[in-house]
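A short worksheet on the structure shown next.
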2 protein chains.
Amino acid sequence: MNKAKLKKTLNRAEEHCREHGTRFTEKRKHILQLLLQSEVPLSAYELATHYQSAFGETIPAMSVYRILDFLMAETLVHKLNSANKYTACEHITCDHQHEVPQFLICERCQNVKEVGIEPSIIAALADEIERAGYHLTQPQIELHCLCERCFSAS
Amino acid sequence: MNKAKLKKTLNRAEEHCREHGTRFTEKRKHILQLLLQSEVPLSAYELATHYQSAFGETIPAMSVYRILDFLMAETLVHKLNSANKYTACEHITCDHQHEVPQFLICERCQNVKEVGIEPSIIAALADEIERAGYHLTQPQIELHCLCERCFSAS
DNA sequence: CCATGAACGATACGCTATATCGTGAACTGG
DNA sequence: CCAGTTCACGATATAGCGTATCGTTCATGG
């Protein structure tokens, strides 16, 4: 992510927090920035290490977890359950309402793409689930794929 | 799972391994049995504990992991990535080819239902993924739901 | 300016998983 | 039937992920 886009996104995140009456502290900003700048999702401990490199001060893993919890509650960050890693929401600067988050995770390079799933497909899926006697609560889908580049290279 | 069904399933699993030229050892059989008898998915360490209770002998966690790897390779067991737990395949005694495994996980009671997803939905999903420039490799989907009972109770 | 609550630091601990080396049992070819 | 190889399993160490708890600091509003 280039510098201009980064700044714009961070500003949007700050605005988002102000609207929600929550604090977008320096540390929270830094963690979000690291995730925005990373090509791949990062674990909490990786973030702590990167934090040290990027900002010259150490941060306890505990704090990282707390900050991630905060950022997730604000839907600025998503957790990839299948990898135990975290990724910045790709729709921070979008105005539209958040759809069902669906993640395409490249098995080789770990690159992640967050896509909006076609509502009709979700509806069909929900229908199948209802017929199985279940009720969808957190419709986050994580799919393991190969990205175009890794697919071509193989 | 009742006793007759359990026995039938274990026999089918043994047959499956014989056909594949792999060994269905006593320990592997025991681990599979524990998963078949459990209402909820179990972690490797939980399996080690249950093993002790059920069969009166201890088993190292390492062995459990190796056995789980084996059972997964034989598609007798699936791993739920979002929970880091393991569950017996519900289609061991089915004759039909395995479809895309899709799991409905009850958030409250942890009960898991393995359903076969409608091929047309999968196709539509795959199509969306292709358009995003990705190529699906392991189309396992885990969805967090409430089962009928927990839904009614809330 | 002080009281309150939120954010953060520090420490400890538990669970999940892999790496590595060694041992013993089971299959296989002669 | 025996020797050699492969496979299953044991034992130990270690890394990574995450939560619990308690104490301290800091921002904010009355």
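Naming works like this for the structure tokens: A, B, ... for the chains as they're shown, residue 1 at the start of each chain, ligands 1 onward in shown order.
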What does chain B look like after a least-squares fit onto chain A on every Cα paired in order, written as a short mmCIF file (atom, residue, chain, number, x, y, z; two decimals) with N, CA and C atoms, in the first residue's frame?
data_model
loop_
_atom_site.label_atom_id
_atom_site.label_comp_id
_atom_site.auth_asym_id
_atom_site.auth_seq_id
_atom_site.Cartn_x
_atom_site.Cartn_y
_atom_site.Cartn_z
N MET B 1 0.89 -1.20 0.07
CA MET B 1 0.03 0.00 0.05
C MET B 1 0.90 1.26 0.03
N ASN B 2 0.61 2.18 -0.89
CA ASN B 2 1.43 3.39 -0.98
C ASN B 2 1.11 4.36 0.16
N LYS B 3 1.97 5.36 0.28
CA LYS B 3 1.93 6.25 1.43
C LYS B 3 0.62 7.05 1.51
N ALA B 4 0.18 7.56 0.36
CA ALA B 4 -1.03 8.39 0.33
C ALA B 4 -2.25 7.59 0.76
N LYS B 5 -2.35 6.40 0.20
CA LYS B 5 -3.48 5.52 0.51
C LYS B 5 -3.44 5.12 1.98
N LEU B 6 -2.24 4.85 2.47
CA LEU B 6 -2.08 4.48 3.87
C LEU B 6 -2.60 5.59 4.78
N LYS B 7 -2.17 6.81 4.48
CA LYS B 7 -2.56 7.94 5.31
C LYS B 7 -4.07 8.15 5.28
N LYS B 8 -4.60 8.03 4.09
CA LYS B 8 -6.05 8.21 3.92
C LYS B 8 -6.81 7.16 4.73
N THR B 9 -6.32 5.93 4.68
CA THR B 9 -6.99 4.84 5.38
C THR B 9 -6.91 5.04 6.89
N LEU B 10 -5.75 5.46 7.36
CA LEU B 10 -5.60 5.68 8.80
C LEU B 10 -6.51 6.83 9.25
N ASN B 11 -6.62 7.84 8.42
CA ASN B 11 -7.52 8.95 8.76
C ASN B 11 -8.97 8.49 8.82
N ARG B 12 -9.31 7.64 7.87
CA ARG B 12 -10.67 7.11 7.84
C ARG B 12 -10.95 6.27 9.08
N ALA B 13 -9.94 5.52 9.50
CA ALA B 13 -10.08 4.68 10.69
C ALA B 13 -10.27 5.54 11.92
N GLU B 14 -9.51 6.62 11.97
CA GLU B 14 -9.62 7.53 13.11
C GLU B 14 -11.01 8.14 13.18
N GLU B 15 -11.48 8.55 12.02
CA GLU B 15 -12.83 9.12 11.92
C GLU B 15 -13.87 8.10 12.39
N HIS B 16 -13.68 6.87 11.92
CA HIS B 16 -14.57 5.78 12.30
C HIS B 16 -14.66 5.64 13.82
N CYS B 17 -13.52 5.70 14.46
CA CYS B 17 -13.49 5.54 15.91
C CYS B 17 -14.14 6.74 16.60
N ARG B 18 -13.89 7.91 16.08
CA ARG B 18 -14.49 9.10 16.67
C ARG B 18 -16.01 9.00 16.62
N GLU B 19 -16.51 8.53 15.47
CA GLU B 19 -17.96 8.36 15.32
C GLU B 19 -18.52 7.34 16.31
N HIS B 20 -17.68 6.36 16.66
CA HIS B 20 -18.15 5.31 17.57
C HIS B 20 -17.81 5.62 19.02
N GLY B 21 -17.23 6.78 19.26
CA GLY B 21 -16.89 7.15 20.63
C GLY B 21 -15.80 6.29 21.24
N THR B 22 -14.91 5.79 20.41
CA THR B 22 -13.78 5.01 20.92
C THR B 22 -12.48 5.72 20.58
N ARG B 23 -11.42 5.31 21.28
CA ARG B 23 -10.15 6.02 21.12
C ARG B 23 -9.22 5.33 20.15
N PHE B 24 -8.77 6.08 19.20
CA PHE B 24 -7.80 5.56 18.23
C PHE B 24 -6.41 6.00 18.67
N THR B 25 -5.89 5.29 19.65
CA THR B 25 -4.61 5.69 20.25
C THR B 25 -3.44 5.47 19.29
N GLU B 26 -2.31 5.99 19.71
CA GLU B 26 -1.10 5.88 18.89
C GLU B 26 -0.73 4.42 18.64
N LYS B 27 -0.78 3.62 19.68
CA LYS B 27 -0.41 2.22 19.54
C LYS B 27 -1.38 1.47 18.63
N ARG B 28 -2.64 1.77 18.77
CA ARG B 28 -3.64 1.13 17.91
C ARG B 28 -3.41 1.53 16.47
N LYS B 29 -3.10 2.79 16.30
CA LYS B 29 -2.81 3.28 14.95
C LYS B 29 -1.60 2.56 14.36
N HIS B 30 -0.58 2.38 15.19
CA HIS B 30 0.63 1.71 14.72
C HIS B 30 0.37 0.27 14.31
N ILE B 31 -0.40 -0.43 15.12
CA ILE B 31 -0.70 -1.82 14.79
C ILE B 31 -1.48 -1.91 13.49
N LEU B 32 -2.47 -1.06 13.36
CA LEU B 32 -3.25 -1.06 12.11
C LEU B 32 -2.36 -0.74 10.93
N GLN B 33 -1.47 0.22 11.12
CA GLN B 33 -0.55 0.59 10.04
C GLN B 33 0.31 -0.59 9.61
N LEU B 34 0.82 -1.34 10.58
CA LEU B 34 1.65 -2.50 10.25
C LEU B 34 0.87 -3.51 9.41
N LEU B 35 -0.39 -3.72 9.79
CA LEU B 35 -1.20 -4.68 9.05
C LEU B 35 -1.51 -4.16 7.65
N LEU B 36 -1.74 -2.86 7.55
CA LEU B 36 -2.04 -2.28 6.24
C LEU B 36 -0.83 -2.38 5.31
N GLN B 37 0.36 -2.26 5.89
CA GLN B 37 1.56 -2.27 5.08
C GLN B 37 2.04 -3.68 4.75
N SER B 38 1.53 -4.65 5.44
CA SER B 38 2.01 -6.02 5.24
C SER B 38 1.32 -6.69 4.05
N GLU B 39 2.10 -7.40 3.27
CA GLU B 39 1.54 -8.13 2.13
C GLU B 39 0.79 -9.37 2.59
N VAL B 40 1.15 -9.86 3.76
CA VAL B 40 0.57 -11.11 4.24
C VAL B 40 -0.03 -10.89 5.63
N PRO B 41 -0.96 -11.73 6.04
CA PRO B 41 -1.48 -11.61 7.40
C PRO B 41 -0.38 -11.88 8.42
N LEU B 42 -0.51 -11.29 9.58
CA LEU B 42 0.53 -11.42 10.61
C LEU B 42 -0.07 -11.96 11.90
N SER B 43 0.75 -12.67 12.65
CA SER B 43 0.33 -13.14 13.96
C SER B 43 0.58 -12.04 14.98
N ALA B 44 0.02 -12.19 16.15
CA ALA B 44 0.18 -11.18 17.20
C ALA B 44 1.67 -11.01 17.56
N TYR B 45 2.37 -12.11 17.62
CA TYR B 45 3.78 -12.03 17.99
C TYR B 45 4.62 -11.44 16.87
N GLU B 46 4.25 -11.75 15.64
CA GLU B 46 4.94 -11.13 14.51
C GLU B 46 4.73 -9.62 14.55
N LEU B 47 3.53 -9.20 14.89
CA LEU B 47 3.25 -7.78 14.99
C LEU B 47 4.12 -7.13 16.05
N ALA B 48 4.30 -7.81 17.17
CA ALA B 48 5.14 -7.26 18.23
C ALA B 48 6.57 -7.06 17.74
N THR B 49 7.06 -8.03 16.98
CA THR B 49 8.41 -7.92 16.44
C THR B 49 8.52 -6.77 15.43
N HIS B 50 7.57 -6.71 14.51
CA HIS B 50 7.56 -5.65 13.50
C HIS B 50 7.45 -4.28 14.16
N TYR B 51 6.68 -4.24 15.23
CA TYR B 51 6.48 -2.98 15.94
C TYR B 51 7.83 -2.43 16.41
N GLN B 52 8.62 -3.33 16.94
CA GLN B 52 9.97 -2.97 17.40
C GLN B 52 10.80 -2.40 16.26
N SER B 53 10.78 -3.10 15.13
CA SER B 53 11.58 -2.66 13.98
C SER B 53 11.08 -1.32 13.44
N ALA B 54 9.78 -1.20 13.34
CA ALA B 54 9.23 -0.04 12.66
C ALA B 54 9.22 1.22 13.53
N PHE B 55 8.95 1.05 14.81
CA PHE B 55 8.74 2.22 15.65
C PHE B 55 9.77 2.35 16.77
N GLY B 56 10.69 1.40 16.82
CA GLY B 56 11.79 1.53 17.75
C GLY B 56 11.46 1.36 19.22
N GLU B 57 10.27 0.88 19.50
CA GLU B 57 9.96 0.60 20.91
C GLU B 57 9.25 -0.74 21.02
N THR B 58 9.52 -1.43 22.11
CA THR B 58 8.93 -2.75 22.28
C THR B 58 7.50 -2.63 22.75
N ILE B 59 6.73 -3.66 22.42
CA ILE B 59 5.34 -3.72 22.87
C ILE B 59 5.05 -5.14 23.34
N PRO B 60 4.46 -5.30 24.51
CA PRO B 60 4.19 -6.66 25.00
C PRO B 60 3.14 -7.35 24.14
N ALA B 61 3.29 -8.65 24.01
CA ALA B 61 2.33 -9.43 23.22
C ALA B 61 0.91 -9.22 23.72
N MET B 62 0.79 -9.14 25.03
CA MET B 62 -0.54 -8.91 25.61
C MET B 62 -1.20 -7.68 25.04
N SER B 63 -0.44 -6.61 24.94
CA SER B 63 -1.00 -5.37 24.40
C SER B 63 -1.43 -5.55 22.96
N VAL B 64 -0.62 -6.29 22.22
CA VAL B 64 -0.97 -6.53 20.82
C VAL B 64 -2.32 -7.24 20.74
N TYR B 65 -2.49 -8.26 21.57
CA TYR B 65 -3.76 -8.98 21.57
C TYR B 65 -4.93 -8.06 21.92
N ARG B 66 -4.72 -7.23 22.90
CA ARG B 66 -5.80 -6.32 23.29
C ARG B 66 -6.13 -5.34 22.17
N ILE B 67 -5.08 -4.85 21.55
CA ILE B 67 -5.29 -3.89 20.45
C ILE B 67 -5.98 -4.58 19.28
N LEU B 68 -5.60 -5.81 19.00
CA LEU B 68 -6.25 -6.55 17.93
C LEU B 68 -7.72 -6.77 18.25
N ASP B 69 -8.01 -7.08 19.50
CA ASP B 69 -9.41 -7.26 19.91
C ASP B 69 -10.20 -5.99 19.65
N PHE B 70 -9.58 -4.87 20.01
CA PHE B 70 -10.23 -3.59 19.79
C PHE B 70 -10.48 -3.35 18.30
N LEU B 71 -9.44 -3.54 17.50
CA LEU B 71 -9.55 -3.27 16.07
C LEU B 71 -10.55 -4.21 15.41
N MET B 72 -10.66 -5.43 15.92
CA MET B 72 -11.65 -6.36 15.37
C MET B 72 -13.05 -5.91 15.74
N ALA B 73 -13.21 -5.43 16.96
CA ALA B 73 -14.53 -4.95 17.39
C ALA B 73 -14.97 -3.77 16.52
N GLU B 74 -14.01 -3.01 16.06
CA GLU B 74 -14.32 -1.86 15.19
C GLU B 74 -14.36 -2.28 13.71
N THR B 75 -14.20 -3.57 13.47
CA THR B 75 -14.16 -4.14 12.10
C THR B 75 -13.13 -3.44 11.22
N LEU B 76 -12.04 -3.04 11.84
CA LEU B 76 -10.93 -2.51 11.06
C LEU B 76 -9.94 -3.61 10.73
N VAL B 77 -10.05 -4.70 11.46
CA VAL B 77 -9.15 -5.84 11.29
C VAL B 77 -9.97 -7.12 11.36
N HIS B 78 -9.56 -8.11 10.61
CA HIS B 78 -10.20 -9.42 10.67
C HIS B 78 -9.19 -10.47 11.13
N LYS B 79 -9.70 -11.48 11.82
CA LYS B 79 -8.84 -12.60 12.19
C LYS B 79 -9.10 -13.75 11.23
N LEU B 80 -8.02 -14.32 10.73
CA LEU B 80 -8.14 -15.52 9.91
C LEU B 80 -8.02 -16.72 10.83
N ASN B 81 -9.14 -17.33 11.11
CA ASN B 81 -9.16 -18.40 12.10
C ASN B 81 -8.33 -19.61 11.69
N SER B 82 -8.29 -19.87 10.42
CA SER B 82 -7.59 -21.08 9.99
C SER B 82 -6.08 -20.91 10.07
N ALA B 83 -5.61 -19.68 10.15
CA ALA B 83 -4.17 -19.47 10.20
C ALA B 83 -3.72 -18.81 11.51
N ASN B 84 -4.67 -18.42 12.34
CA ASN B 84 -4.36 -17.69 13.56
C ASN B 84 -3.54 -16.44 13.26
N LYS B 85 -3.93 -15.75 12.22
CA LYS B 85 -3.27 -14.50 11.87
C LYS B 85 -4.31 -13.42 11.63
N TYR B 86 -3.80 -12.20 11.52
CA TYR B 86 -4.70 -11.06 11.43
C TYR B 86 -4.40 -10.25 10.18
N THR B 87 -5.42 -9.65 9.63
CA THR B 87 -5.26 -8.88 8.41
C THR B 87 -6.14 -7.64 8.49
N ALA B 88 -5.65 -6.53 7.92
CA ALA B 88 -6.45 -5.31 7.92
C ALA B 88 -7.64 -5.48 6.99
N CYS B 89 -8.75 -4.93 7.40
CA CYS B 89 -9.92 -4.95 6.54
C CYS B 89 -9.62 -4.15 5.28
N GLU B 90 -9.98 -4.69 4.15
CA GLU B 90 -9.66 -4.03 2.88
C GLU B 90 -10.71 -2.99 2.50
N HIS B 91 -11.72 -2.85 3.33
CA HIS B 91 -12.83 -1.96 2.97
C HIS B 91 -12.95 -0.76 3.90
N ILE B 92 -11.86 -0.40 4.55
CA ILE B 92 -11.94 0.69 5.51
C ILE B 92 -12.35 1.99 4.84
N THR B 93 -11.84 2.20 3.64
CA THR B 93 -12.14 3.48 2.97
C THR B 93 -13.39 3.41 2.09
N CYS B 94 -14.02 2.22 2.07
CA CYS B 94 -15.25 2.10 1.29
C CYS B 94 -16.40 2.73 2.07
N ASP B 95 -17.36 3.21 1.33
CA ASP B 95 -18.52 3.78 1.99
C ASP B 95 -19.62 2.75 2.22
N HIS B 96 -19.68 1.79 1.28
CA HIS B 96 -20.76 0.81 1.37
C HIS B 96 -20.69 -0.01 2.66
N GLN B 97 -21.81 -0.57 3.01
CA GLN B 97 -21.90 -1.42 4.19
C GLN B 97 -21.05 -2.68 4.00
N HIS B 98 -20.49 -3.14 5.09
CA HIS B 98 -19.69 -4.36 5.00
C HIS B 98 -20.56 -5.55 4.66
N GLU B 99 -20.09 -6.33 3.68
CA GLU B 99 -20.80 -7.55 3.34
C GLU B 99 -20.22 -8.69 4.15
N VAL B 100 -20.64 -9.88 3.79
CA VAL B 100 -20.05 -11.06 4.41
C VAL B 100 -18.58 -11.11 4.04
N PRO B 101 -17.69 -11.10 5.04
CA PRO B 101 -16.28 -11.15 4.68
C PRO B 101 -15.89 -12.55 4.23
N GLN B 102 -15.31 -12.60 3.09
CA GLN B 102 -14.85 -13.88 2.56
C GLN B 102 -13.40 -13.73 2.18
N PHE B 103 -12.59 -14.68 2.62
CA PHE B 103 -11.15 -14.53 2.41
C PHE B 103 -10.60 -15.63 1.52
N LEU B 104 -9.84 -15.20 0.55
CA LEU B 104 -9.13 -16.14 -0.31
C LEU B 104 -7.66 -16.10 0.11
N ILE B 105 -7.20 -17.20 0.64
CA ILE B 105 -5.85 -17.26 1.18
C ILE B 105 -4.98 -18.10 0.28
N CYS B 106 -3.93 -17.49 -0.25
CA CYS B 106 -3.01 -18.25 -1.10
C CYS B 106 -2.17 -19.17 -0.23
N GLU B 107 -2.21 -20.43 -0.55
CA GLU B 107 -1.51 -21.42 0.27
C GLU B 107 0.00 -21.29 0.16
N ARG B 108 0.45 -20.73 -0.93
CA ARG B 108 1.89 -20.68 -1.11
C ARG B 108 2.48 -19.38 -0.56
N CYS B 109 1.96 -18.24 -1.02
CA CYS B 109 2.59 -16.98 -0.63
C CYS B 109 1.83 -16.29 0.50
N GLN B 110 0.74 -16.88 0.96
CA GLN B 110 -0.01 -16.36 2.10
C GLN B 110 -0.75 -15.05 1.82
N ASN B 111 -0.66 -14.60 0.61
CA ASN B 111 -1.39 -13.39 0.25
C ASN B 111 -2.88 -13.63 0.47
N VAL B 112 -3.54 -12.60 0.95
CA VAL B 112 -4.97 -12.74 1.24
C VAL B 112 -5.77 -11.70 0.48
N LYS B 113 -6.83 -12.14 -0.10
CA LYS B 113 -7.74 -11.22 -0.76
C LYS B 113 -9.09 -11.30 -0.08
N GLU B 114 -9.60 -10.15 0.27
CA GLU B 114 -10.91 -10.10 0.91
C GLU B 114 -11.92 -9.73 -0.15
N VAL B 115 -12.85 -10.62 -0.41
CA VAL B 115 -13.82 -10.36 -1.47
C VAL B 115 -15.22 -10.29 -0.90
N GLY B 116 -16.07 -9.58 -1.58
CA GLY B 116 -17.47 -9.55 -1.21
C GLY B 116 -18.18 -10.64 -1.98
N ILE B 117 -18.87 -11.48 -1.26
CA ILE B 117 -19.50 -12.62 -1.92
C ILE B 117 -20.86 -12.19 -2.49
N GLU B 118 -21.19 -12.76 -3.59
CA GLU B 118 -22.48 -12.49 -4.22
C GLU B 118 -23.62 -12.82 -3.25
N PRO B 119 -24.49 -11.85 -2.96
CA PRO B 119 -25.56 -12.09 -1.99
C PRO B 119 -26.43 -13.30 -2.31
N SER B 120 -26.62 -13.57 -3.61
CA SER B 120 -27.48 -14.71 -3.96
C SER B 120 -26.84 -16.02 -3.54
N ILE B 121 -25.52 -16.08 -3.61
CA ILE B 121 -24.83 -17.30 -3.19
C ILE B 121 -24.95 -17.48 -1.69
N ILE B 122 -24.77 -16.37 -0.98
CA ILE B 122 -24.93 -16.41 0.46
C ILE B 122 -26.32 -16.88 0.84
N ALA B 123 -27.29 -16.35 0.11
CA ALA B 123 -28.68 -16.71 0.40
C ALA B 123 -28.89 -18.21 0.21
N ALA B 124 -28.35 -18.73 -0.89
CA ALA B 124 -28.49 -20.15 -1.16
C ALA B 124 -27.81 -20.98 -0.08
N LEU B 125 -26.66 -20.49 0.36
CA LEU B 125 -25.91 -21.18 1.41
C LEU B 125 -26.71 -21.17 2.70
N ALA B 126 -27.23 -20.00 3.04
CA ALA B 126 -28.01 -19.86 4.27
C ALA B 126 -29.22 -20.78 4.22
N ASP B 127 -29.79 -20.92 3.04
CA ASP B 127 -30.96 -21.77 2.87
C ASP B 127 -30.61 -23.22 3.15
N GLU B 128 -29.48 -23.67 2.63
CA GLU B 128 -29.03 -25.04 2.88
C GLU B 128 -28.80 -25.26 4.37
N ILE B 129 -28.23 -24.25 4.99
CA ILE B 129 -27.92 -24.36 6.41
C ILE B 129 -29.19 -24.45 7.23
N GLU B 130 -30.17 -23.65 6.86
CA GLU B 130 -31.46 -23.68 7.55
C GLU B 130 -32.08 -25.07 7.43
N ARG B 131 -31.98 -25.63 6.23
CA ARG B 131 -32.56 -26.95 6.02
C ARG B 131 -31.86 -28.00 6.85
N ALA B 132 -30.60 -27.76 7.17
CA ALA B 132 -29.86 -28.68 8.04
C ALA B 132 -30.17 -28.42 9.51
N GLY B 133 -31.01 -27.42 9.76
CA GLY B 133 -31.41 -27.15 11.13
C GLY B 133 -30.46 -26.25 11.89
N TYR B 134 -29.65 -25.51 11.16
CA TYR B 134 -28.71 -24.61 11.81
C TYR B 134 -29.00 -23.16 11.42
N HIS B 135 -28.46 -22.25 12.22
CA HIS B 135 -28.70 -20.83 11.96
C HIS B 135 -27.36 -20.10 11.95
N LEU B 136 -27.05 -19.54 10.82
CA LEU B 136 -25.77 -18.86 10.62
C LEU B 136 -25.65 -17.65 11.53
N THR B 137 -24.50 -17.53 12.19
CA THR B 137 -24.30 -16.37 13.06
C THR B 137 -23.19 -15.47 12.55
N GLN B 138 -22.00 -16.06 12.30
CA GLN B 138 -20.88 -15.25 11.82
C GLN B 138 -20.44 -15.77 10.48
N PRO B 139 -21.06 -15.32 9.45
CA PRO B 139 -20.80 -15.93 8.14
C PRO B 139 -19.48 -15.50 7.54
N GLN B 140 -18.39 -15.82 8.21
CA GLN B 140 -17.07 -15.56 7.63
C GLN B 140 -16.54 -16.84 7.01
N ILE B 141 -16.14 -16.72 5.77
CA ILE B 141 -15.66 -17.89 5.04
C ILE B 141 -14.20 -17.71 4.67
N GLU B 142 -13.41 -18.74 4.93
CA GLU B 142 -12.00 -18.70 4.56
C GLU B 142 -11.72 -19.84 3.61
N LEU B 143 -11.24 -19.50 2.44
CA LEU B 143 -10.99 -20.53 1.44
C LEU B 143 -9.51 -20.58 1.08
N HIS B 144 -8.99 -21.79 1.03
CA HIS B 144 -7.58 -21.96 0.70
C HIS B 144 -7.41 -22.13 -0.80
N CYS B 145 -6.65 -21.23 -1.37
CA CYS B 145 -6.51 -21.16 -2.82
C CYS B 145 -5.05 -21.00 -3.21
N LEU B 146 -4.85 -20.87 -4.50
CA LEU B 146 -3.59 -20.39 -5.05
C LEU B 146 -3.90 -19.09 -5.78
N CYS B 147 -3.08 -18.07 -5.55
CA CYS B 147 -3.30 -16.82 -6.26
C CYS B 147 -2.78 -16.99 -7.69
N GLU B 148 -3.12 -16.04 -8.52
CA GLU B 148 -2.79 -16.13 -9.94
C GLU B 148 -1.30 -16.40 -10.16
N ARG B 149 -0.49 -15.63 -9.44
CA ARG B 149 0.95 -15.73 -9.65
C ARG B 149 1.50 -17.10 -9.27
N CYS B 150 1.10 -17.57 -8.06
CA CYS B 150 1.59 -18.87 -7.60
C CYS B 150 1.02 -19.99 -8.46
N PHE B 151 -0.20 -19.79 -8.94
CA PHE B 151 -0.83 -20.80 -9.80
C PHE B 151 -0.07 -20.93 -11.11
N SER B 152 0.29 -19.78 -11.66
CA SER B 152 1.02 -19.77 -12.93
C SER B 152 2.40 -20.38 -12.76
N ALA B 153 2.98 -20.14 -11.60
CA ALA B 153 4.35 -20.60 -11.36
C ALA B 153 4.43 -22.11 -11.13
N SER B 154 3.31 -22.74 -10.93
CA SER B 154 3.35 -24.18 -10.59
C SER B 154 2.98 -25.07 -11.77
#
Excluding same-chain residues fewer than 4 positions from segment 24-29 of chain C, what lies within 8 Å of it counting only C-alpha atoms (C1' of nucleotides), as a VMD selection string? chain D and resid 6 to 8
Output for the residues just chosen: C-alpha atoms (C1' of nucleotides) as a short mmCIF file (atom, residue, chain, number, x, y, z; two decimals), in the first residue's frame:
data_model
loop_
_atom_site.label_atom_id
_atom_site.label_comp_id
_atom_site.auth_asym_id
_atom_site.auth_seq_id
_atom_site.Cartn_x
_atom_site.Cartn_y
_atom_site.Cartn_z
"C1'" DT D 6 10.18 -49.63 6.21
"C1'" DC D 7 6.82 -48.06 9.21
"C1'" DA D 8 4.67 -47.11 13.78
#
Running DSSP on the backbone, which parts of segment 4-91 of chain B land in alpha helix (DSSP H), as a ChimeraX atom specification? /B:4-19,26-37,44-55,61-73
Let's see if you can do this: from backbone DSSP, list all strand (DSSP E or B) residues in chain B, as a ChimeraX atom specification. /B:42,77-80,85-88,101-106,112-116,134-138,141-147
Please report, as CSV, each residue of chain C lying at most 10 Å from chain B, together with the nearest pair of atoms and the separation in Å rounded to one decimal; use only C-alpha atoms (C1' of nucleotides), and order rows by chain and ascending residue number.
residue,atom,partner,partner_atom,distance
C:DC15,C1',B:Tyr45,CA,8.5
C:DT16,C1',B:Asn84,CA,7.6
C:DA17,C1',B:Tyr65,CA,8.5
C:DT18,C1',B:Met62,CA,9.3
C:DA26,C1',B:Arg23,CA,10.0
